[in-house]
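Enquirer: So I've got this file, my_file02.tsv, and it contains TSV, C-alpha atoms and all ligand atoms:
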```
chain	number	residue	atom	x	y	z
V	40	MET	CA	-9.20	-71.25	12.84
V	41	LYS	CA	-11.23	-70.24	9.83
V	42	PHE	CA	-14.92	-71.15	9.84
V	43	THR	CA	-14.63	-73.67	6.97
V	44	LYS	CA	-11.67	-75.39	8.63
V	45	LYS	CA	-13.55	-75.50	11.94
V	46	LEU	CA	-16.52	-77.00	10.17
V	47	ALA	CA	-14.36	-79.61	8.49
V	48	VAL	CA	-12.74	-80.59	11.82
V	49	GLY	CA	-16.18	-80.71	13.48
V	50	LEU	CA	-17.60	-82.86	10.71
V	51	ALA	CA	-14.63	-85.22	10.89
V	52	ALA	CA	-15.11	-85.58	14.65
V	53	CYS	CA	-18.81	-86.26	14.10
V	54	ALA	CA	-18.06	-88.87	11.45
V	55	PHE	CA	-15.55	-90.48	13.80
V	56	SER	CA	-17.97	-90.74	16.70
V	57	PHE	CA	-20.72	-91.98	14.38
V	58	ALA	CA	-18.37	-94.69	13.11
V	59	ALA	CA	-17.50	-95.63	16.69
V	60	PHE	CA	-21.20	-95.74	17.52
V	61	ALA	CA	-21.97	-97.76	14.40
V	62	GLN	CA	-19.40	-100.32	15.52
V	63	GLN	CA	-21.19	-100.96	18.80
V	64	PRO	CA	-22.70	-104.43	18.51
V	65	ILE	CA	-26.45	-104.86	18.65
V	66	VAL	CA	-27.17	-106.67	21.91
V	67	ILE	CA	-29.80	-109.40	22.15
V	68	LYS	CA	-30.58	-110.45	25.70
V	69	PHE	CA	-31.80	-114.05	25.63
V	70	SER	CA	-33.28	-115.11	28.95
V	71	HIS	CA	-34.33	-118.63	29.90
V	72	VAL	CA	-35.09	-120.68	32.99
V	73	VAL	CA	-33.25	-123.98	32.55
V	74	ALA	CA	-29.64	-125.05	33.11
V	75	GLN	CA	-27.02	-124.45	30.43
V	76	ASP	CA	-26.51	-128.18	30.15
V	77	THR	CA	-29.96	-128.92	28.69
V	78	PRO	CA	-31.31	-129.04	25.12
V	79	LYS	CA	-32.55	-125.44	25.39
V	80	GLY	CA	-29.46	-124.18	27.24
V	81	LYS	CA	-27.13	-125.68	24.66
V	82	ALA	CA	-29.20	-124.46	21.70
V	83	ALA	CA	-29.26	-120.91	23.12
V	84	ALA	CA	-25.46	-120.95	23.46
V	85	PHE	CA	-25.17	-122.34	19.93
V	86	PHE	CA	-27.37	-119.52	18.61
V	87	ALA	CA	-25.21	-116.92	20.37
V	88	GLN	CA	-22.13	-118.34	18.69
V	89	LYS	CA	-23.73	-118.58	15.23
V	90	ALA	CA	-25.14	-115.06	15.49
V	91	ASP	CA	-21.67	-113.73	16.29
V	92	GLU	CA	-20.15	-115.71	13.41
V	93	LEU	CA	-22.74	-114.90	10.72
V	94	THR	CA	-23.07	-111.19	11.57
V	95	LYS	CA	-19.26	-110.91	11.94
V	96	GLY	CA	-19.59	-109.62	15.48
V	97	LYS	CA	-22.29	-107.06	14.71
V	98	VAL	CA	-24.72	-108.86	17.01
V	99	LYS	CA	-23.86	-109.99	20.51
V	100	VAL	CA	-26.29	-112.44	22.08
V	101	GLU	CA	-26.11	-112.46	25.88
V	102	VAL	CA	-27.64	-115.65	27.24
V	103	TYR	CA	-28.97	-115.61	30.81
V	104	ALA	CA	-29.70	-119.20	31.88
V	105	ASN	CA	-31.33	-120.71	34.97
V	106	SER	CA	-33.76	-117.80	35.68
V	107	THR	CA	-30.77	-115.57	36.56
V	108	LEU	CA	-32.46	-112.63	34.88
V	109	TYR	CA	-36.19	-113.43	35.00
V	110	LYS	CA	-38.48	-116.22	36.14
V	111	ASP	CA	-41.26	-117.69	33.96
V	112	LYS	CA	-43.97	-115.08	34.28
V	113	GLU	CA	-41.61	-112.13	34.52
V	114	GLU	CA	-39.71	-113.08	31.38
V	115	MET	CA	-42.84	-112.82	29.21
V	116	GLU	CA	-43.52	-109.34	30.58
V	117	ALA	CA	-39.88	-108.35	30.13
V	118	LEU	CA	-40.01	-109.42	26.48
V	119	GLN	CA	-43.15	-107.42	25.79
V	120	LEU	CA	-41.62	-104.37	27.48
V	121	GLY	CA	-38.38	-104.80	25.52
V	122	ALA	CA	-36.20	-105.39	28.62
V	123	VAL	CA	-35.07	-108.62	26.93
V	124	GLN	CA	-35.25	-109.34	23.23
V	125	MET	CA	-35.41	-113.14	23.01
V	126	LEU	CA	-36.88	-116.03	25.01
V	127	ALA	CA	-37.70	-119.68	24.47
V	128	PRO	CA	-40.55	-120.45	26.88
V	129	SER	CA	-42.12	-123.85	27.02
V	130	LEU	CA	-45.24	-124.11	24.83
V	131	ALA	CA	-47.20	-124.67	28.06
V	132	LYS	CA	-46.56	-121.08	29.15
V	133	PHE	CA	-48.45	-119.13	26.49
V	134	GLY	CA	-51.94	-119.52	28.01
V	135	PRO	CA	-51.52	-116.69	30.56
V	136	LEU	CA	-50.57	-114.44	27.61
V	137	GLY	CA	-54.02	-115.15	26.17
V	138	VAL	CA	-52.89	-117.49	23.40
V	139	LYS	CA	-54.69	-120.58	24.67
V	140	GLU	CA	-54.32	-122.53	21.42
V	141	PHE	CA	-50.71	-123.34	22.36
V	142	GLU	CA	-52.05	-125.60	25.11
V	143	VAL	CA	-52.87	-128.14	22.38
V	144	PHE	CA	-49.23	-129.24	22.80
V	145	ASP	CA	-49.99	-130.13	26.43
V	146	LEU	CA	-52.73	-132.64	25.62
V	147	PRO	CA	-51.62	-135.99	27.02
V	148	TYR	CA	-50.49	-138.56	24.45
V	149	ILE	CA	-51.36	-136.33	21.48
V	150	PHE	CA	-47.93	-137.02	19.93
V	151	ASP	CA	-46.82	-140.59	19.59
V	152	SER	CA	-43.29	-139.63	18.67
V	153	SER	CA	-41.08	-136.67	17.78
V	154	ASP	CA	-41.81	-137.40	14.11
V	155	HIS	CA	-45.51	-136.80	14.71
V	156	LEU	CA	-44.75	-133.65	16.64
V	157	HIS	CA	-42.56	-132.29	13.83
V	158	LYS	CA	-45.44	-132.73	11.38
V	159	VAL	CA	-47.14	-130.03	13.43
V	160	THR	CA	-44.26	-127.74	14.31
V	161	ALA	CA	-42.68	-127.83	10.84
V	162	GLY	CA	-46.00	-127.47	9.03
V	163	ASP	CA	-48.90	-125.07	8.56
V	164	VAL	CA	-50.40	-125.68	12.01
V	165	GLY	CA	-47.14	-124.66	13.69
V	166	LYS	CA	-46.85	-121.57	11.52
V	167	SER	CA	-50.42	-120.50	12.17
V	168	LEU	CA	-49.95	-120.90	15.94
V	169	LEU	CA	-46.85	-118.68	15.91
V	170	SER	CA	-48.75	-116.01	13.97
V	171	LYS	CA	-51.20	-115.74	16.88
V	172	LEU	CA	-48.42	-114.13	18.93
V	173	GLU	CA	-48.11	-111.09	16.65
V	174	PRO	CA	-50.96	-109.05	18.21
V	175	LYS	CA	-49.14	-109.45	21.55
V	176	GLY	CA	-46.07	-107.71	20.13
V	177	ILE	CA	-44.22	-111.01	19.82
V	178	ARG	CA	-42.73	-112.73	16.78
V	179	GLY	CA	-42.33	-116.51	16.87
V	180	LEU	CA	-39.16	-117.64	15.11
V	181	ALA	CA	-38.90	-121.37	15.68
V	182	TYR	CA	-39.84	-124.43	17.68
V	183	TRP	CA	-37.14	-126.20	19.67
V	184	ASP	CA	-37.54	-129.69	21.09
V	185	ASN	CA	-37.02	-130.87	24.57
V	186	GLY	CA	-38.88	-134.15	24.87
V	187	PHE	CA	-41.55	-136.19	26.57
V	188	LYS	CA	-42.43	-135.68	30.23
V	189	SER	CA	-42.44	-138.34	32.92
V	190	PHE	CA	-43.91	-138.32	36.41
V	191	SER	CA	-41.81	-138.38	39.56
V	192	ALA	CA	-42.78	-138.59	43.25
V	193	ASN	CA	-41.55	-139.99	46.54
V	194	THR	CA	-43.74	-143.07	46.28
V	195	PRO	CA	-43.86	-145.64	43.45
V	196	ILE	CA	-45.98	-144.75	40.40
V	197	LYS	CA	-47.32	-147.74	38.53
V	198	THR	CA	-50.95	-146.87	38.01
V	199	PRO	CA	-52.86	-143.57	37.79
V	200	ALA	CA	-54.27	-144.35	41.25
V	201	ASP	CA	-50.74	-144.06	42.69
V	202	LEU	CA	-50.88	-140.32	42.06
V	203	LYS	CA	-54.28	-139.83	43.64
V	204	GLY	CA	-54.32	-137.06	46.24
V	205	LYS	CA	-50.70	-136.05	45.47
V	206	LYS	CA	-49.77	-132.41	45.02
V	207	LEU	CA	-48.04	-132.21	41.66
V	208	ARG	CA	-46.19	-129.17	40.34
V	209	ILE	CA	-47.11	-128.16	36.80
V	210	GLN	CA	-46.42	-125.29	34.41
V	211	SER	CA	-49.00	-122.54	33.96
V	212	SER	CA	-51.35	-124.40	31.60
V	213	LYS	CA	-55.06	-125.11	32.10
V	214	VAL	CA	-54.70	-128.31	30.10
V	215	LEU	CA	-52.02	-129.53	32.49
V	216	GLU	CA	-54.29	-128.61	35.40
V	217	GLU	CA	-57.05	-130.75	33.92
V	218	GLN	CA	-54.57	-133.56	33.24
V	219	ILE	CA	-53.56	-133.66	36.89
V	220	ARG	CA	-57.20	-133.57	38.03
V	221	ALA	CA	-57.97	-136.48	35.71
V	222	LEU	CA	-55.54	-138.49	37.87
V	223	GLY	CA	-57.31	-137.44	41.06
V	224	ALA	CA	-54.22	-135.41	41.99
V	225	LEU	CA	-53.87	-131.73	42.93
V	226	PRO	CA	-52.24	-129.39	40.42
V	227	GLN	CA	-49.89	-126.73	41.77
V	228	VAL	CA	-48.75	-124.10	39.27
V	229	MET	CA	-45.27	-122.90	40.13
V	230	ALA	CA	-42.31	-121.20	38.46
V	231	PHE	CA	-39.63	-123.63	37.31
V	232	SER	CA	-37.00	-121.99	39.50
V	233	GLU	CA	-38.98	-122.89	42.63
V	234	VAL	CA	-39.61	-126.56	41.94
V	235	TYR	CA	-36.50	-128.07	43.53
V	236	GLN	CA	-37.13	-126.37	46.84
V	237	ALA	CA	-40.84	-127.17	46.76
V	238	LEU	CA	-40.02	-130.85	46.28
V	239	GLN	CA	-37.34	-130.77	48.95
V	240	THR	CA	-39.55	-129.17	51.57
V	241	GLY	CA	-42.65	-131.19	50.69
V	242	VAL	CA	-44.68	-128.21	49.43
V	243	VAL	CA	-45.40	-130.52	46.51
V	244	ASP	CA	-45.12	-134.31	46.34
V	245	GLY	CA	-44.11	-134.74	42.75
V	246	THR	CA	-43.85	-133.27	39.29
V	247	GLU	CA	-43.61	-133.95	35.56
V	248	ASN	CA	-40.80	-132.97	33.21
V	249	PRO	CA	-38.47	-134.39	30.58
V	250	ILE	CA	-35.56	-136.09	32.36
V	251	SER	CA	-33.04	-133.45	31.21
V	252	ASN	CA	-34.87	-130.84	33.29
V	253	LEU	CA	-35.28	-133.16	36.26
V	254	TYR	CA	-31.61	-134.15	36.27
V	255	THR	CA	-30.00	-130.75	35.65
V	256	GLN	CA	-32.06	-129.20	38.47
V	257	LYS	CA	-31.11	-132.13	40.73
V	258	MET	CA	-34.78	-132.88	41.33
V	259	HIS	CA	-33.90	-136.59	41.33
V	260	GLU	CA	-32.09	-135.99	44.62
V	261	VAL	CA	-35.43	-135.11	46.20
V	262	GLN	CA	-37.64	-137.59	44.30
V	263	LYS	CA	-37.39	-141.29	45.17
V	264	HIS	CA	-39.39	-142.56	42.18
V	265	LEU	CA	-39.49	-141.78	38.50
V	266	THR	CA	-41.76	-143.58	36.03
V	267	ILE	CA	-41.07	-143.20	32.32
V	268	THR	CA	-44.66	-142.37	31.45
V	269	GLU	CA	-43.78	-140.05	28.54
V	270	HIS	CA	-47.39	-138.93	28.71
V	271	GLY	CA	-46.97	-135.48	27.21
V	272	TYR	CA	-44.66	-133.28	25.23
V	273	LEU	CA	-42.54	-130.33	26.39
V	274	GLY	CA	-40.92	-128.09	23.79
V	275	TYR	CA	-40.28	-124.42	23.16
V	276	ALA	CA	-41.18	-121.52	20.93
V	277	VAL	CA	-38.27	-119.18	20.35
V	278	ILE	CA	-39.77	-115.71	20.43
V	279	VAL	CA	-38.56	-112.14	20.02
V	280	ASN	CA	-39.88	-108.68	20.73
V	281	LYS	CA	-41.53	-107.88	17.38
V	282	LYS	CA	-40.70	-104.17	17.35
V	283	PHE	CA	-37.04	-104.89	18.05
V	284	TRP	CA	-36.88	-107.60	15.39
V	285	ASP	CA	-38.64	-105.56	12.72
V	286	GLY	CA	-36.35	-102.63	13.46
V	287	LEU	CA	-33.16	-104.58	12.71
V	288	PRO	CA	-31.33	-103.81	9.45
V	289	ALA	CA	-32.58	-106.29	6.82
V	290	ASP	CA	-29.17	-107.88	6.21
V	291	ILE	CA	-28.63	-108.50	9.94
V	292	ARG	CA	-32.11	-109.97	10.32
V	293	LYS	CA	-31.40	-112.35	7.45
V	294	GLN	CA	-28.12	-113.46	9.07
V	295	LEU	CA	-29.94	-114.01	12.37
V	296	ASP	CA	-32.65	-116.00	10.60
V	297	ASP	CA	-29.90	-118.23	9.21
V	298	ALA	CA	-28.35	-118.57	12.67
V	299	MET	CA	-31.78	-119.51	14.04
V	300	GLU	CA	-32.33	-122.11	11.34
V	301	GLN	CA	-29.00	-123.77	12.15
V	302	SER	CA	-29.71	-123.57	15.89
V	303	THR	CA	-33.12	-125.18	15.45
V	304	ARG	CA	-31.56	-128.08	13.55
V	305	TYR	CA	-28.97	-128.42	16.30
V	306	ALA	CA	-31.56	-128.21	19.11
V	307	ASN	CA	-33.72	-130.89	17.57
V	308	GLN	CA	-30.73	-133.11	16.89
V	309	ILE	CA	-29.39	-133.11	20.44
V	310	ALA	CA	-32.64	-133.16	22.46
V	311	LYS	CA	-33.20	-136.91	22.55
V	312	GLN	CA	-29.56	-137.70	23.34
V	313	GLU	CA	-29.52	-135.09	26.14
V	314	ASN	CA	-32.57	-136.73	27.72
V	315	ASP	CA	-31.10	-140.22	27.32
V	316	ASN	CA	-27.87	-139.05	28.98
V	317	ALA	CA	-29.84	-137.44	31.80
V	318	LEU	CA	-31.71	-140.70	32.40
V	319	GLU	CA	-28.39	-142.51	32.66
V	320	GLY	CA	-27.29	-139.87	35.17
V	321	VAL	CA	-30.42	-140.37	37.28
V	322	LYS	CA	-29.93	-144.15	37.26
V	323	LYS	CA	-26.25	-143.86	38.18
V	324	SER	CA	-26.99	-141.50	41.05
V	325	GLY	CA	-28.75	-144.35	42.86
V	326	LYS	CA	-31.10	-141.83	44.46
V	327	THR	CA	-34.19	-142.48	42.35
V	328	ALA	CA	-35.77	-145.78	41.38
V	329	VAL	CA	-36.65	-145.67	37.67
V	330	HIS	CA	-39.67	-147.64	36.54
V	331	VAL	CA	-40.53	-148.37	32.90
V	332	PRO	CA	-44.27	-149.06	32.71
V	333	SER	CA	-45.53	-152.31	31.22
V	334	LYS	CA	-47.86	-152.23	28.22
V	335	ASP	CA	-50.88	-152.56	30.51
V	336	GLU	CA	-49.65	-149.86	32.88
V	337	ARG	CA	-49.14	-147.51	29.95
V	338	ALA	CA	-52.61	-148.30	28.64
V	339	ALA	CA	-54.11	-147.44	32.04
V	340	PHE	CA	-52.45	-144.00	32.00
V	341	LYS	CA	-53.71	-143.39	28.46
V	342	LYS	CA	-57.22	-144.41	29.42
V	343	ALA	CA	-57.21	-141.99	32.34
V	344	LEU	CA	-55.69	-139.08	30.44
V	345	VAL	CA	-56.93	-139.06	26.85
V	346	PRO	CA	-60.44	-137.85	27.90
V	347	VAL	CA	-58.69	-134.55	28.75
V	348	HIS	CA	-58.67	-133.81	24.99
V	349	GLN	CA	-62.42	-133.54	24.80
V	350	LYS	CA	-62.72	-131.75	28.11
V	351	MET	CA	-60.37	-129.01	26.95
V	352	GLU	CA	-61.94	-128.55	23.54
V	353	SER	CA	-63.71	-125.35	24.49
V	354	ARG	CA	-60.50	-123.84	25.88
V	355	ILE	CA	-58.10	-124.76	23.05
V	356	GLY	CA	-60.62	-124.69	20.22
V	357	LYS	CA	-61.96	-127.74	18.41
V	358	GLU	CA	-60.45	-126.58	15.13
V	359	THR	CA	-56.92	-126.38	16.56
V	360	ILE	CA	-57.19	-129.83	18.11
V	361	GLN	CA	-58.58	-131.30	14.89
V	362	SER	CA	-55.82	-129.70	12.82
V	363	VAL	CA	-53.22	-131.39	15.03
V	364	TYR	CA	-55.05	-134.74	14.81
V	365	LYS	CA	-55.09	-134.37	11.03
V	366	ALA	CA	-51.38	-133.55	10.82
V	367	THR	CA	-50.32	-136.46	13.02
V	368	GLY	CA	-53.00	-139.03	12.22
V	369	PHE	CA	-54.00	-139.22	15.89
V	370	ASP	CA	-57.36	-140.91	16.41
V	371	PRO	CA	-58.78	-140.54	19.95
V	372	SER	CA	-61.37	-143.26	19.31
V	373	LYS	CA	-58.54	-145.78	18.94
V	374	MET	CA	-57.17	-145.07	22.40
C	401	LIG	C1	-40.96	-126.07	33.32
C	401	LIG	O1	-41.34	-125.02	33.84
C	401	LIG	O2	-41.09	-127.17	33.85
C	401	LIG	C2	-40.30	-126.02	31.96
C	401	LIG	O3	-41.05	-125.17	31.17
C	401	LIG	C3	-38.91	-125.49	32.05
C	401	LIG	C4	-38.33	-125.36	30.67
C	401	LIG	O4	-38.23	-124.24	30.19
C	401	LIG	O5	-37.97	-126.40	30.11
```
Before we go any further, please render this structure as structure tokens.
Ligand code: LMR

Expert:
Amino acid sequence: MKFTKKLAVGLAACAFSFAAFAQQPIVIKFSHVVAQDTPKGKAAAFFAQKADELTKGKVKVEVYANSTLYKDKEEMEALQLGAVQMLAPSLAKFGPLGVKEFEVFDLPYIFDSSDHLHKVTAGDVGKSLLSKLEPKGIRGLAYWDNGFKSFSANTPIKTPADLKGKKLRIQSSKVLEEQIRALGALPQVMAFSEVYQALQTGVVDGTENPISNLYTQKMHEVQKHLTITEHGYLGYAVIVNKKFWDGLPADIRKQLDDAMEQSTRYANQIAKQENDNALEGVKKSGKTAVHVPSKDERAAFKKALVPVHQKMESRIGKETIQSVYKATGFDPSKM
């Protein structure tokens, strides 16, 4: 074969293998710790589908639910190292990363309703909080709702005193630690994947979570009492490895941004219903007595827990707390 012909054949082969390579989808590994059948699990699956649709198959999102790939602490490290590209950790899990301001979301009773919360997450305060992740090599894309947490234990919970001396599992947040201490109880930080067993074996006596998490992990089977305290919020920041995200072709990134926007709308639409359905499931199971606190009982929990705001001022930053108060209209003196 003449040199020019050889070259032409070689170039054609090269072009062919480049085309084959170019057709390989970009893979986004999205790891999370909850069941598929939860607000976060469903929103992650929705995002995977939208990403496939909008990029016409150029991006494949692989969702790993239920801590099958990584547990809480590991998943943050894996994201920073680029072993996974996307996560949606609870806002209570950013403290160990050094971004303590996120713990403002953990302050008890700081949000009266989802509407108040959205004033923060959809506004400047939410944006500014996400920007604090950039120096950690993380880009924050969106906030996804779960809902309000309630306390569960094996003994009835009607007043704060009912939790005194109990070992209660919490997420890795100093504000949550202080919240549990304010009740005279003992905080136990533990990965989400270990909670069921810890409750079953009595390593801890109780916990707090939105009902969708409690129900889908079957925690109600090992908790005799659940009180709808709704004393604090649990939601998520959807985050990506910044280097990975910035390295995506601009058109693909735009399509993924659109997919994320649609997924965020979906997540926030279904969250309340998912929690209401889970509560029905708990009630139907007959395994857990559900108590709805009276006005006075609720007031007693507020009285015990709102002082945590001031106590945690030096950790979260007065400015951050004030900016949330301003966005929501929360007035601690009226508690
Ligand atoms: C928990 O650890 O209780 C939650 O953060 C789990 C989750 O991601 O909803």

Enquirer: Restricting the calculation to only C-alpha atoms and all ligand atoms: of V:His155, V:Lys282, V:His264, V:Lys188, which residue gets closest to ligand LIG 401 (chain C)?

Expert: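 Of V:His155, V:Lys282, V:His264, V:Lys188, the one nearest ligand LIG 401 (chain C) is V:Lys188, counting only C-alpha atoms and all ligand atoms.
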
Enquirer: Kindly provide, as a PyMOL selection string, all nucleotide and amino acid residues lying within 10 Å of ligand LIG 401 (chain C), counting only C-alpha atoms and all ligand atoms.

Expert: chain V and resi 71-74+77-80+105-106+110-111+126-132+184-186+188+208-211+228-234+246-249+251-253+273-275

Enquirer: To one decimal in Å, tell me the separation between CA of Thr327 (chain V) and CA of Gly245 (chain V).

Expert: 12.6 Å

Enquirer: Check the smallest atom-to-atom distance from each of V:Leu295, V:Ala276, V:Leu215, V:Ala82 to Val143 (chain V) using only C-alpha atoms, then report the winner.

Expert: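 Looking only at the distances to Val143 (chain V), the closest residue turns out to be V:Leu215.
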
Enquirer: Please determine, counting all atoms listed in the file, which residue among V:Arg304, V:Lys89, V:Lys350, V:His270 has the shortest atom-to-atom distance to Phe150 (chain V).

Expert: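 Looking at the shortest contact to Phe150 (chain V), the residue is V:His270.
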
Enquirer: I need the residue nearest Thr198 (chain V) from this list: V:Arg354, V:Asn280, V:Leu222, V:Lys99. Use all atoms listed in the file for the distance.

Expert: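 Answer, going by the shortest atom-to-atom distance: V:Leu222.
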
Enquirer: Would you pick out the contacts of Phe141 (chain V) at 8 Å or less, using all atoms listed in the file, so that residues sharing its chain but fewer than 2 positions from it are not included, and give the list as number ranges by chain?

Expert: V: 130-131, 133-134, 138-139, 143-145, 168, 355

Enquirer: Which is closer to Glu113 (chain V) than all the others in V:Pro135, V:Gly96, V:Gly320, V:Gly176, using only C-alpha atoms?

Expert: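 Closest candidate: V:Pro135.
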
Enquirer: Excluding Ala122 (chain V) and residues on its chain fewer than 4 positions from it, collect all residues at most 12 Å away from it, counting all atoms listed in the file, and give them as a list in words.

Expert: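 Listing them by chain and then by number gives Val66, Ile67, Lys68, Phe69, Ser70, Leu108, Tyr109, Glu113, Glu114, Met115, Glu116, Ala117, Leu118, Leu126, Val279, Asn280 and Phe283 of chain V.
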
Enquirer: What are the nearest atom pairs, with distances in Å to one decimal, for all residues of region 157-201 of chain V that come at most 9 Å from region 257-261 of chain V, using all atoms listed in the file, set out by chain and rising residue number as a tab-separated table?

Expert:
```
residue	atom	partner	partner_atom	distance
V:Ser191	CA	V:His259	CA	8.3
V:Ala192	CA	V:Val261	CA	8.7
V:Asn193	CA	V:Val261	CA	7.8
```
